[in-house]
Structures are given as structure tokens and as C-alpha cells.
file data-v9.cif (mmCIF, C-alpha atoms)
data_protein
#
loop_
_atom_site.group_PDB
_atom_site.id
_atom_site.type_symbol
_atom_site.label_atom_id
_atom_site.label_comp_id
_atom_site.auth_asym_id
_atom_site.auth_seq_id
_atom_site.Cartn_x
_atom_site.Cartn_y
_atom_site.Cartn_z
ATOM 1 C CA MET W 1 132.782 126.079 164.460
ATOM 2 C CA GLU W 2 131.724 122.986 166.316
ATOM 3 C CA VAL W 3 128.455 124.777 167.156
ATOM 4 C CA ALA W 4 127.293 124.707 163.526
ATOM 5 C CA GLU W 5 128.241 121.051 163.125
ATOM 6 C CA GLU W 6 126.523 120.154 166.408
ATOM 7 C CA LEU W 7 123.412 122.048 165.333
ATOM 8 C CA VAL W 8 123.127 120.014 162.132
ATOM 9 C CA GLU W 9 123.575 116.825 164.165
ATOM 10 C CA THR W 10 121.246 117.837 167.026
ATOM 11 C CA ILE W 11 118.317 118.775 164.812
ATOM 12 C CA GLY W 12 118.666 115.494 162.912
ATOM 13 C CA TYR W 13 118.981 117.230 159.565
ATOM 14 C CA ARG W 14 120.296 114.155 157.717
ATOM 15 C CA ARG W 15 117.347 112.084 158.969
ATOM 16 C CA TRP W 16 114.909 114.854 158.032
ATOM 17 C CA LEU W 17 116.340 114.959 154.496
ATOM 18 C CA GLU W 18 116.009 111.194 154.170
ATOM 19 C CA ASP W 19 112.376 111.395 155.326
ATOM 20 C CA THR W 20 111.339 114.327 153.126
ATOM 21 C CA CYS W 21 113.327 113.956 149.894
ATOM 22 C CA SER W 22 111.927 112.052 146.941
ATOM 23 C CA ASP W 23 114.804 109.560 147.042
ATOM 24 C CA LEU W 24 117.969 108.824 149.021
ATOM 25 C CA LYS W 25 120.244 110.178 146.272
ATOM 26 C CA ALA W 26 118.545 113.577 146.492
ATOM 27 C CA ALA W 27 118.870 113.527 150.284
ATOM 28 C CA GLU W 28 122.559 112.662 150.008
ATOM 29 C CA ARG W 29 123.185 115.498 147.491
ATOM 30 C CA ARG W 30 121.559 117.992 149.835
ATOM 31 C CA MET W 31 123.525 116.705 152.795
ATOM 32 C CA GLN W 32 126.728 117.004 150.764
ATOM 33 C CA ASN W 33 125.849 120.672 150.154
ATOM 34 C CA VAL W 34 125.532 121.219 153.911
ATOM 35 C CA GLU W 35 128.809 119.400 154.547
ATOM 36 C CA GLU W 36 130.493 121.542 151.892
ATOM 37 C CA LEU W 37 129.199 124.687 153.612
ATOM 38 C CA LEU W 38 130.433 123.463 156.993
ATOM 39 C CA GLY W 39 133.826 122.620 155.467
ATOM 40 C CA TRP W 40 134.028 126.072 153.926
ATOM 41 C CA MET W 41 133.176 127.646 157.293
ATOM 42 C CA ARG W 42 135.860 125.507 158.960
ATOM 43 C CA ARG W 43 138.443 126.714 156.407
ATOM 44 C CA LEU W 44 137.462 130.335 157.104
ATOM 45 C CA TYR W 45 137.808 129.651 160.817
ATOM 46 C CA GLU W 46 141.219 128.065 160.380
ATOM 47 C CA GLU W 47 142.409 130.925 158.138
ATOM 48 C CA GLY W 48 141.671 133.182 161.087
ATOM 49 C CA LYS W 49 143.895 130.867 163.153
ATOM 50 C CA GLY W 50 140.997 129.894 165.396
ATOM 51 C CA THR W 51 140.571 133.376 166.852
ATOM 52 C CA GLN W 52 137.106 133.923 165.372
ATOM 53 C CA ASP W 53 133.852 133.033 167.046
ATOM 54 C CA MET W 54 130.613 132.220 165.206
ATOM 55 C CA GLY W 55 129.632 135.915 165.107
ATOM 56 C CA ASP W 56 132.931 136.785 163.418
ATOM 57 C CA LEU W 57 132.423 134.023 160.849
ATOM 58 C CA VAL W 58 128.880 135.147 160.076
ATOM 59 C CA GLY W 59 130.094 138.741 159.772
ATOM 60 C CA ARG W 60 132.862 137.672 157.393
ATOM 61 C CA MET W 61 130.439 135.591 155.322
ATOM 62 C CA THR W 62 128.038 138.554 155.159
ATOM 63 C CA LEU W 63 130.824 140.860 154.010
ATOM 64 C CA MET W 64 131.893 138.344 151.367
ATOM 65 C CA ASP W 65 128.274 138.145 150.168
ATOM 66 C CA ILE W 66 128.000 141.951 149.965
ATOM 67 C CA LEU W 67 131.244 142.182 147.983
ATOM 68 C CA GLU W 68 130.120 139.388 145.672
ATOM 69 C CA ARG W 69 126.788 141.101 145.043
ATOM 70 C CA GLN W 70 128.521 144.398 144.278
ATOM 71 C CA GLU W 71 130.780 142.612 141.827
ATOM 72 C CA GLU W 72 127.731 140.984 140.205
ATOM 73 C CA GLU W 73 125.923 144.334 139.978
ATOM 74 C CA ASN W 74 128.825 145.682 137.939
ATOM 75 C CA THR W 75 128.238 142.975 135.339
ATOM 76 C CA ALA W 76 125.812 144.256 132.700
ATOM 77 C CA ASP W 77 125.335 141.101 130.621
ATOM 78 C CA ARG W 78 123.886 138.468 132.897
ATOM 79 C CA VAL W 79 120.840 136.414 133.675
ATOM 80 C CA ASN W 80 119.358 136.170 137.171
ATOM 81 C CA LEU W 81 117.672 132.900 138.072
ATOM 82 C CA MET W 82 115.508 133.093 141.161
ATOM 83 C CA THR W 83 112.380 131.821 142.799
ATOM 84 C CA LEU W 84 109.148 133.789 142.744
ATOM 85 C CA HIS W 85 109.651 134.634 146.423
ATOM 86 C CA ALA W 86 113.167 135.983 145.850
ATOM 87 C CA ALA W 87 111.964 138.305 143.064
ATOM 88 C CA LYS W 88 109.658 140.238 145.396
ATOM 89 C CA GLY W 89 110.446 143.945 145.280
ATOM 90 C CA LEU W 90 112.805 143.653 142.283
ATOM 91 C CA GLU W 91 112.249 144.622 138.656
ATOM 92 C CA PHE W 92 113.995 143.521 135.475
ATOM 93 C CA PRO W 93 113.768 144.661 131.856
ATOM 94 C CA HIS W 94 112.955 141.141 130.618
ATOM 95 C CA VAL W 95 111.324 138.421 132.707
ATOM 96 C CA PHE W 96 110.866 134.758 131.809
ATOM 97 C CA LEU W 97 108.457 132.765 133.973
ATOM 98 C CA VAL W 98 109.233 129.114 133.389
ATOM 99 C CA GLY W 99 106.823 126.280 134.130
ATOM 100 C CA MET W 100 103.453 128.064 133.896
ATOM 101 C CA GLU W 101 101.605 124.768 134.275
ATOM 102 C CA GLU W 102 98.976 123.360 136.569
ATOM 103 C CA GLU W 103 100.615 121.687 139.579
ATOM 104 C CA LEU W 104 103.685 123.909 139.172
ATOM 105 C CA LEU W 105 102.019 127.339 139.329
ATOM 106 C CA PRO W 106 99.708 126.881 141.137
ATOM 107 C CA HIS W 107 101.759 124.217 142.850
ATOM 108 C CA ARG W 108 100.155 120.855 143.616
ATOM 109 C CA THR W 109 100.766 121.210 147.364
ATOM 110 C CA SER W 110 99.110 124.627 147.463
ATOM 111 C CA LEU W 111 96.091 123.253 145.627
ATOM 112 C CA GLU W 112 95.810 120.384 148.111
ATOM 113 C CA GLU W 113 96.129 122.767 151.067
ATOM 114 C CA GLY W 114 93.658 125.304 149.658
ATOM 115 C CA ASN W 115 96.242 128.079 149.141
ATOM 116 C CA LEU W 116 95.187 128.998 145.609
ATOM 117 C CA GLU W 117 94.906 132.719 146.392
ATOM 118 C CA GLU W 118 98.488 132.842 147.704
ATOM 119 C CA GLU W 119 99.695 131.162 144.510
ATOM 120 C CA ARG W 120 97.672 133.658 142.441
ATOM 121 C CA ARG W 121 99.265 136.517 144.390
ATOM 122 C CA GLN W 122 102.748 135.071 143.761
ATOM 123 C CA ALA W 123 102.015 134.783 140.039
ATOM 124 C CA TYR W 124 100.777 138.379 139.952
ATOM 125 C CA VAL W 125 103.843 139.660 141.816
ATOM 126 C CA SER W 126 106.064 137.775 139.355
ATOM 127 C CA ILE W 127 104.288 139.281 136.364
ATOM 128 C CA THR W 128 104.776 142.779 137.748
ATOM 129 C CA ARG W 129 108.564 142.246 137.925
ATOM 130 C CA ALA W 130 108.794 142.762 134.144
ATOM 131 C CA GLN W 131 109.547 146.284 132.926
ATOM 132 C CA ARG W 132 109.533 145.721 129.128
ATOM 133 C CA THR W 133 108.873 142.100 128.171
ATOM 134 C CA LEU W 134 107.366 139.107 129.896
ATOM 135 C CA THR W 135 107.627 135.577 128.519
ATOM 136 C CA PHE W 136 105.872 132.527 129.936
ATOM 137 C CA SER W 137 106.950 129.018 129.080
ATOM 138 C CA LEU W 138 105.202 125.739 129.645
ATOM 139 C CA ALA W 139 105.601 122.157 128.544
ATOM 140 C CA ARG W 140 103.036 120.028 126.717
ATOM 141 C CA ARG W 141 104.400 117.028 128.553
ATOM 142 C CA ARG W 142 106.920 116.579 131.331
ATOM 143 C CA ARG W 143 108.793 113.625 132.769
ATOM 144 C CA ARG W 144 107.855 112.844 136.378
ATOM 145 C CA TYR W 145 109.148 109.838 138.287
ATOM 146 C CA GLY W 146 110.441 108.406 135.018
ATOM 147 C CA GLU W 147 107.052 108.600 133.276
ATOM 148 C CA TRP W 148 105.810 111.130 130.727
ATOM 149 C CA GLU W 149 102.775 113.156 131.824
ATOM 150 C CA GLU W 150 100.603 115.454 129.743
ATOM 151 C CA ARG W 151 100.617 118.989 131.155
ATOM 152 C CA GLU W 152 97.941 121.670 131.251
ATOM 153 C CA PRO W 153 98.626 125.420 131.089
ATOM 154 C CA SER W 154 98.354 127.247 134.397
ATOM 155 C CA ARG W 155 94.848 128.509 135.145
ATOM 156 C CA PHE W 156 96.460 131.891 135.790
ATOM 157 C CA LEU W 157 97.258 132.261 132.072
ATOM 158 C CA ALA W 158 93.538 132.140 131.285
ATOM 159 C CA GLU W 159 92.989 135.019 133.732
ATOM 160 C CA LEU W 160 95.247 137.384 131.775
ATOM 161 C CA PRO W 161 93.727 139.909 129.338
ATOM 162 C CA VAL W 162 93.315 138.044 126.028
ATOM 163 C CA ASP W 163 94.463 141.054 123.969
ATOM 164 C CA ASP W 164 97.762 141.240 125.874
ATOM 165 C CA VAL W 165 98.840 137.615 125.414
ATOM 166 C CA VAL W 166 100.460 136.261 122.251
ATOM 167 C CA TRP W 167 100.559 132.448 122.140
ATOM 168 C CA LYS W 168 103.376 130.844 120.172
ATOM 169 C CA GLY W 169 103.983 127.199 119.450
ATOM 170 C CA GLU W 170 100.534 126.024 120.522
ATOM 171 C CA GLY W 171 99.459 123.141 118.325
ATOM 172 C CA GLU W 172 101.842 123.955 115.522
ATOM 173 C CA ARG W 173 104.307 121.469 114.114
ATOM 174 C CA GLN W 174 107.436 122.745 112.402
ATOM 175 C CA ASP W 175 110.001 120.852 110.465
ATOM 176 C CA PRO W 176 113.363 120.627 112.264
ATOM 177 C CA ALA W 177 115.113 123.089 109.904
ATOM 178 C CA ALA W 178 112.433 125.749 110.417
ATOM 179 C CA ARG W 179 112.522 125.200 114.195
ATOM 180 C CA GLN W 180 116.321 125.558 114.215
ATOM 181 C CA ALA W 181 116.129 128.772 112.172
ATOM 182 C CA GLN W 182 113.497 130.163 114.523
ATOM 183 C CA GLY W 183 115.680 129.277 117.525
ATOM 184 C CA LYS W 184 118.674 131.074 115.991
ATOM 185 C CA ASN W 185 116.531 134.152 115.332
ATOM 186 C CA GLN W 186 115.280 134.148 118.921
ATOM 187 C CA LEU W 187 118.837 133.856 120.266
ATOM 188 C CA ALA W 188 119.907 136.732 118.022
ATOM 189 C CA GLY W 189 117.018 138.775 119.394
ATOM 190 C CA LEU W 190 118.042 137.986 122.981
ATOM 191 C CA ARG W 191 121.630 138.977 122.242
ATOM 192 C CA ALA W 192 120.409 142.255 120.745
ATOM 193 C CA MET W 193 118.303 142.952 123.849
ATOM 194 C CA LEU W 194 121.266 142.269 126.139
ATOM 195 C CA ASN W 195 123.614 144.422 124.052
ATOM 196 C CA GLY W 196 121.117 147.238 123.580
#

call {"tool": "encode", "arguments": {"input": "data-v9.cif", "output": "C-alpha cells"}}
result
Amino acid sequence: MEVAEELVETIGYRRWLEDTCSDLKAAERRMQNVEELLGWMRRLYEEGKGTQDMGDLVGRMTLMDILERQEEENTADRVNLMTLHAAKGLEFPHVFLVGMEEELLPHRTSLEEGNLEEERRQAYVSITRAQRTLTFSLARRRRRYGEWEEREPSRFLAELPVDDVVWKGEGERQDPAARQAQGKNQLAGLRAMLNG
């Protein structure tokens, strides 16, 4: 168990978080997650009365993960949240791609590093995960570093076949009652999809 704790210390993970995170609070939250994981591993080790080595712990954690995934697979009504990378090779009846905006997809860093084609490939792979419906969402404006910024739709949306894309909400202003009614109808439709 000490090996995992020493590894975190030896590689200077806390310092790396402080150097790379946007602020110290974010770094501290991430470090707390690591400490929680290490504490959980220590409890597993102690439950085994100290007779397990790191390989045994990893094996036990893997088994727990497999059992958890099997339990999740038996649950019909659920939503999977995942990154574009994690969705590779999977398909779902209904897919929602959130944040289809410039500097999110394609990501700002990829644009700066000249990796536009990789971002395009990721977007394409994500689109092909949908079996029946695909919904993109994007914001007109988004808060960043405490300031509101105007947002632009992802350039990848303009590359899609025009006849296959239905734009909703663009430039239209609804009164609050109509917007609430529309939201209730959309939720009812989602419930029907999940139940059907």
C-alpha cells in the first residue's frame, strides 16, 4: 500500500496539479480525489488483514469494477456520460453531444497545436455512436473565468449535410411560459424514448 502513496509523492503529483490547474482550489479538489482513492485502497488492504500485495489489490479492484459494470448493464433506464474518447467503439440509441462550440470541439489547445484533423475525427466518431437520434447542443454565451463570452457554433456543424440537420432555438425568443411548456414536452418525449 505504501508503494502507491510513495509513487504519488515521488512523482510530485501535488506540485504538478498546482502548476497545471487553473487555480489552487481545483488542484486541491483533484488531490483530495487521489487521497480518497488511496484511503479506499488502504481500507481494502486492511480488510484483507495486510496479507494482500499491490497485485492482489489491483485484481480485487478490477473484479469490483467488472461486477459494478455488470450491475449497471442490467439497468435499462440510465444515462451514460462519457468523453468522446471513451465512447470509441460503443453505440447508443440516443446520443447527445454537448458543447458543439468553437474552442470546445475543436478544442482551443488542438487548434493552437494544429491538431484540427484529430478533432474532426473525434467529432465524426462521436456522431457515428448514435443509432437512432443525435442531438447537438451549444451555448450562445458561456461564462469563462467569471466573464461572459459570446460563443460560435463548432465549424464541424457547418460540415454536416444541410438536409440532415434541424436547427432549433437559433435566434428565436420565446416567452417563459412557452419555453416551460416546450421543456415539459421534451422531457415527456425523453421519458417515452426511455420507456419504449

call {"tool": "atom_distance", "arguments": {"input": "data-v9.cif", "atom1": "CA of Gly146 in chain W", "atom2": "CA of Lys25 in chain W"}}
result
15.0 Å

call {"tool": "closest_residue", "arguments": {"input": "data-v9.cif", "among": "W:Arg151, W:Phe92, W:Ser22, W:Leu84", "to": "Glu119 in chain W", "atoms": "all atoms listed in the file"}}
result
W:Leu84

call {"tool": "residues_around", "arguments": {"input": "data-v9.cif", "residues": "Leu17 in chain W", "least_positions_apart": "3", "cutoff": "12 Å", "atoms": "only C-alpha atoms", "output": "ChimeraX atom specification"}}
result
/W:8,11-14,20-34

call {"tool": "atom_distance", "arguments": {"input": "data-v9.cif", "atom1": "CA of Leu44 in chain W", "atom2": "CA of Asp65 in chain W"}}
result
13.9 Å

call {"tool": "resolve_selection", "arguments": {"input": "data-v9.cif", "expression": "the PyMOL selection byres ((chain W and resi 90) around 12)", "output": "list in words"}}
result
Asn80, Met82, Thr83, Leu84, His85, Ala86, Ala87, Lys88, Gly89, Glu91, Phe92, Pro93, His94, Val95, Val125, Ser126, Ile127, Thr128, Arg129, Ala130 and Gln131 of chain W

call {"tool": "write_last_selection", "arguments": {"input": "data-v9.cif", "atoms": "C-alpha atoms", "output": "mmCIF file, keeping the file's coordinate frame"}}
result
data_model
loop_
_atom_site.group_PDB
_atom_site.id
_atom_site.type_symbol
_atom_site.label_atom_id
_atom_site.label_comp_id
_atom_site.auth_asym_id
_atom_site.auth_seq_id
_atom_site.Cartn_x
_atom_site.Cartn_y
_atom_site.Cartn_z
ATOM 1 C CA ASN W 80 119.358 136.170 137.171
ATOM 2 C CA MET W 82 115.508 133.093 141.161
ATOM 3 C CA THR W 83 112.380 131.821 142.799
ATOM 4 C CA LEU W 84 109.148 133.789 142.744
ATOM 5 C CA HIS W 85 109.651 134.634 146.423
ATOM 6 C CA ALA W 86 113.167 135.983 145.850
ATOM 7 C CA ALA W 87 111.964 138.305 143.064
ATOM 8 C CA LYS W 88 109.658 140.238 145.396
ATOM 9 C CA GLY W 89 110.446 143.945 145.280
ATOM 10 C CA GLU W 91 112.249 144.622 138.656
ATOM 11 C CA PHE W 92 113.995 143.521 135.475
ATOM 12 C CA PRO W 93 113.768 144.661 131.856
ATOM 13 C CA HIS W 94 112.955 141.141 130.618
ATOM 14 C CA VAL W 95 111.324 138.421 132.707
ATOM 15 C CA VAL W 125 103.843 139.660 141.816
ATOM 16 C CA SER W 126 106.064 137.775 139.355
ATOM 17 C CA ILE W 127 104.288 139.281 136.364
ATOM 18 C CA THR W 128 104.776 142.779 137.748
ATOM 19 C CA ARG W 129 108.564 142.246 137.925
ATOM 20 C CA ALA W 130 108.794 142.762 134.144
ATOM 21 C CA GLN W 131 109.547 146.284 132.926
#

call {"tool": "resolve_selection", "arguments": {"input": "data-v9.cif", "expression": "the PyMOL selection byres ((chain W and resi 190) around 12)", "output": "list in words"}}
result
Asp77, Arg78, Val79, Pro93, His94, Val95, Phe96, Thr133, Gly183, Lys184, Asn185, Gln186, Leu187, Ala188, Gly189, Arg191, Ala192, Met193, Leu194, Asn195 and Gly196 of chain W

call {"tool": "closest_residue", "arguments": {"input": "data-v9.cif", "among": "W:Leu138, W:Ile66, W:Leu111, W:Val58", "to": "Leu97 in chain W", "atoms": "all atoms listed in the file"}}
result
W:Leu138

call {"tool": "atom_distance", "arguments": {"input": "data-v9.cif", "atom1": "CA of Glu35 in chain W", "atom2": "CA of Glu5 in chain W"}}
result
8.8 Å

call {"tool": "closest_residue", "arguments": {"input": "data-v9.cif", "among": "W:Thr10, W:Ser137, W:Ser154, W:Gln182", "to": "Leu105 in chain W", "atoms": "all atoms listed in the file"}}
result
W:Ser154

call {"tool": "residues_near_point", "arguments": {"input": "data-v9.cif", "point": "(98.2, 124.9, 141.5)", "cutoff": "9 Å", "atoms": "only C-alpha atoms", "output": "PDB file with C-alpha atoms, keeping the file's coordinate frame"}}
result
ATOM      1  CA  GLU W 101     101.605 124.768 134.275  1.00  0.00           C
ATOM      2  CA  GLU W 102      98.976 123.360 136.569  1.00  0.00           C
ATOM      3  CA  GLU W 103     100.615 121.687 139.579  1.00  0.00           C
ATOM      4  CA  LEU W 104     103.685 123.909 139.172  1.00  0.00           C
ATOM      5  CA  LEU W 105     102.019 127.339 139.329  1.00  0.00           C
ATOM      6  CA  PRO W 106      99.708 126.881 141.137  1.00  0.00           C
ATOM      7  CA  HIS W 107     101.759 124.217 142.850  1.00  0.00           C
ATOM      8  CA  ARG W 108     100.155 120.855 143.616  1.00  0.00           C
ATOM      9  CA  THR W 109     100.766 121.210 147.364  1.00  0.00           C
ATOM     10  CA  SER W 110      99.110 124.627 147.463  1.00  0.00           C
ATOM     11  CA  LEU W 111      96.091 123.253 145.627  1.00  0.00           C
ATOM     12  CA  GLU W 112      95.810 120.384 148.111  1.00  0.00           C
ATOM     13  CA  ASN W 115      96.242 128.079 149.141  1.00  0.00           C
ATOM     14  CA  LEU W 116      95.187 128.998 145.609  1.00  0.00           C
ATOM     15  CA  GLU W 119      99.695 131.162 144.510  1.00  0.00           C
ATOM     16  CA  ARG W 120      97.672 133.658 142.441  1.00  0.00           C
ATOM     17  CA  SER W 154      98.354 127.247 134.397  1.00  0.00           C
ATOM     18  CA  ARG W 155      94.848 128.509 135.145  1.00  0.00           C
TER      19      ARG W 155
END

call {"tool": "closest_residue", "arguments": {"input": "data-v9.cif", "among": "W:Phe156, W:Glu47, W:Glu68, W:Arg60", "to": "Arg121 in chain W", "atoms": "all atoms listed in the file"}}
result
W:Phe156

call {"tool": "residues_around", "arguments": {"input": "data-v9.cif", "residues": "range 161-167 of chain W", "least_positions_apart": "4", "cutoff": "10 Å", "atoms": "all atoms listed in the file", "output": "PyMOL selection string"}}
result
chain W and resi 134-136+157

call {"tool": "decode", "arguments": {"input": "data-v9.cif", "residues": "range 85-146 of chain W", "atoms": "C-alpha atoms", "output": "PDB file, in the first residue's frame"}}
result
ATOM      1  CA  HIS W  85     -12.509   9.145 -26.333  1.00  0.00           C
ATOM      2  CA  ALA W  86     -14.385   6.787 -24.003  1.00  0.00           C
ATOM      3  CA  ALA W  87     -17.252   6.391 -26.498  1.00  0.00           C
ATOM      4  CA  LYS W  88     -14.994   4.866 -29.157  1.00  0.00           C
ATOM      5  CA  GLY W  89     -16.336   1.502 -30.279  1.00  0.00           C
ATOM      6  CA  LEU W  90     -19.672   1.888 -28.446  1.00  0.00           C
ATOM      7  CA  GLU W  91     -23.121   2.664 -29.826  1.00  0.00           C
ATOM      8  CA  PHE W  92     -26.234   4.044 -28.156  1.00  0.00           C
ATOM      9  CA  PRO W  93     -29.814   4.538 -29.332  1.00  0.00           C
ATOM     10  CA  HIS W  94     -29.761   8.261 -28.482  1.00  0.00           C
ATOM     11  CA  VAL W  95     -26.638  10.417 -28.336  1.00  0.00           C
ATOM     12  CA  PHE W  96     -26.333  13.986 -27.069  1.00  0.00           C
ATOM     13  CA  LEU W  97     -23.123  15.829 -27.939  1.00  0.00           C
ATOM     14  CA  VAL W  98     -22.875  18.762 -25.571  1.00  0.00           C
ATOM     15  CA  GLY W  99     -20.744  21.836 -26.204  1.00  0.00           C
ATOM     16  CA  MET W 100     -20.511  21.829 -30.017  1.00  0.00           C
ATOM     17  CA  GLU W 101     -18.744  25.190 -29.982  1.00  0.00           C
ATOM     18  CA  GLU W 102     -15.513  26.591 -31.311  1.00  0.00           C
ATOM     19  CA  GLU W 103     -12.740  26.184 -28.725  1.00  0.00           C
ATOM     20  CA  LEU W 104     -14.579  23.223 -27.184  1.00  0.00           C
ATOM     21  CA  LEU W 105     -14.912  21.000 -30.268  1.00  0.00           C
ATOM     22  CA  PRO W 106     -12.479  21.660 -31.837  1.00  0.00           C
ATOM     23  CA  HIS W 107     -10.743  22.391 -28.568  1.00  0.00           C
ATOM     24  CA  ARG W 108      -8.668  25.562 -28.244  1.00  0.00           C
ATOM     25  CA  THR W 109      -5.486  23.619 -27.442  1.00  0.00           C
ATOM     26  CA  SER W 110      -5.872  21.424 -30.518  1.00  0.00           C
ATOM     27  CA  LEU W 111      -6.344  24.495 -32.690  1.00  0.00           C
ATOM     28  CA  GLU W 112      -3.192  26.071 -31.254  1.00  0.00           C
ATOM     29  CA  GLU W 113      -1.214  22.857 -31.779  1.00  0.00           C
ATOM     30  CA  GLY W 114      -2.519  22.291 -35.315  1.00  0.00           C
ATOM     31  CA  ASN W 115      -4.476  19.112 -34.475  1.00  0.00           C
ATOM     32  CA  LEU W 116      -7.685  20.099 -36.253  1.00  0.00           C
ATOM     33  CA  GLU W 117      -7.907  16.829 -38.202  1.00  0.00           C
ATOM     34  CA  GLU W 118      -7.730  14.761 -34.999  1.00  0.00           C
ATOM     35  CA  GLU W 119     -10.545  16.849 -33.518  1.00  0.00           C
ATOM     36  CA  ARG W 120     -12.571  16.379 -36.724  1.00  0.00           C
ATOM     37  CA  ARG W 121     -12.005  12.620 -36.492  1.00  0.00           C
ATOM     38  CA  GLN W 122     -13.157  12.620 -32.847  1.00  0.00           C
ATOM     39  CA  ALA W 123     -16.299  14.548 -33.785  1.00  0.00           C
ATOM     40  CA  TYR W 124     -17.022  12.102 -36.606  1.00  0.00           C
ATOM     41  CA  VAL W 125     -16.511   9.078 -34.346  1.00  0.00           C
ATOM     42  CA  SER W 126     -18.878  10.646 -31.799  1.00  0.00           C
ATOM     43  CA  ILE W 127     -21.549  11.240 -34.421  1.00  0.00           C
ATOM     44  CA  THR W 128     -21.372   7.615 -35.525  1.00  0.00           C
ATOM     45  CA  ARG W 129     -22.116   6.430 -31.960  1.00  0.00           C
ATOM     46  CA  ALA W 130     -25.802   7.315 -32.458  1.00  0.00           C
ATOM     47  CA  GLN W 131     -28.099   4.531 -33.651  1.00  0.00           C
ATOM     48  CA  ARG W 132     -31.437   6.420 -33.840  1.00  0.00           C
ATOM     49  CA  THR W 133     -31.140  10.059 -32.776  1.00  0.00           C
ATOM     50  CA  LEU W 134     -28.312  12.526 -32.432  1.00  0.00           C
ATOM     51  CA  THR W 135     -28.684  15.866 -30.663  1.00  0.00           C
ATOM     52  CA  PHE W 136     -26.054  18.597 -30.545  1.00  0.00           C
ATOM     53  CA  SER W 137     -26.179  21.389 -28.015  1.00  0.00           C
ATOM     54  CA  LEU W 138     -24.272  24.625 -27.879  1.00  0.00           C
ATOM     55  CA  ALA W 139     -24.414  27.849 -25.932  1.00  0.00           C
ATOM     56  CA  ARG W 140     -24.799  31.357 -27.345  1.00  0.00           C
ATOM     57  CA  ARG W 141     -22.665  32.605 -24.494  1.00  0.00           C
ATOM     58  CA  ARG W 142     -20.686  30.905 -21.763  1.00  0.00           C
ATOM     59  CA  ARG W 143     -19.073  32.052 -18.540  1.00  0.00           C
ATOM     60  CA  ARG W 144     -15.277  31.744 -18.549  1.00  0.00           C
ATOM     61  CA  TYR W 145     -13.054  32.998 -15.749  1.00  0.00           C
ATOM     62  CA  GLY W 146     -16.031  34.874 -14.323  1.00  0.00           C
TER      63      GLY W 146
END
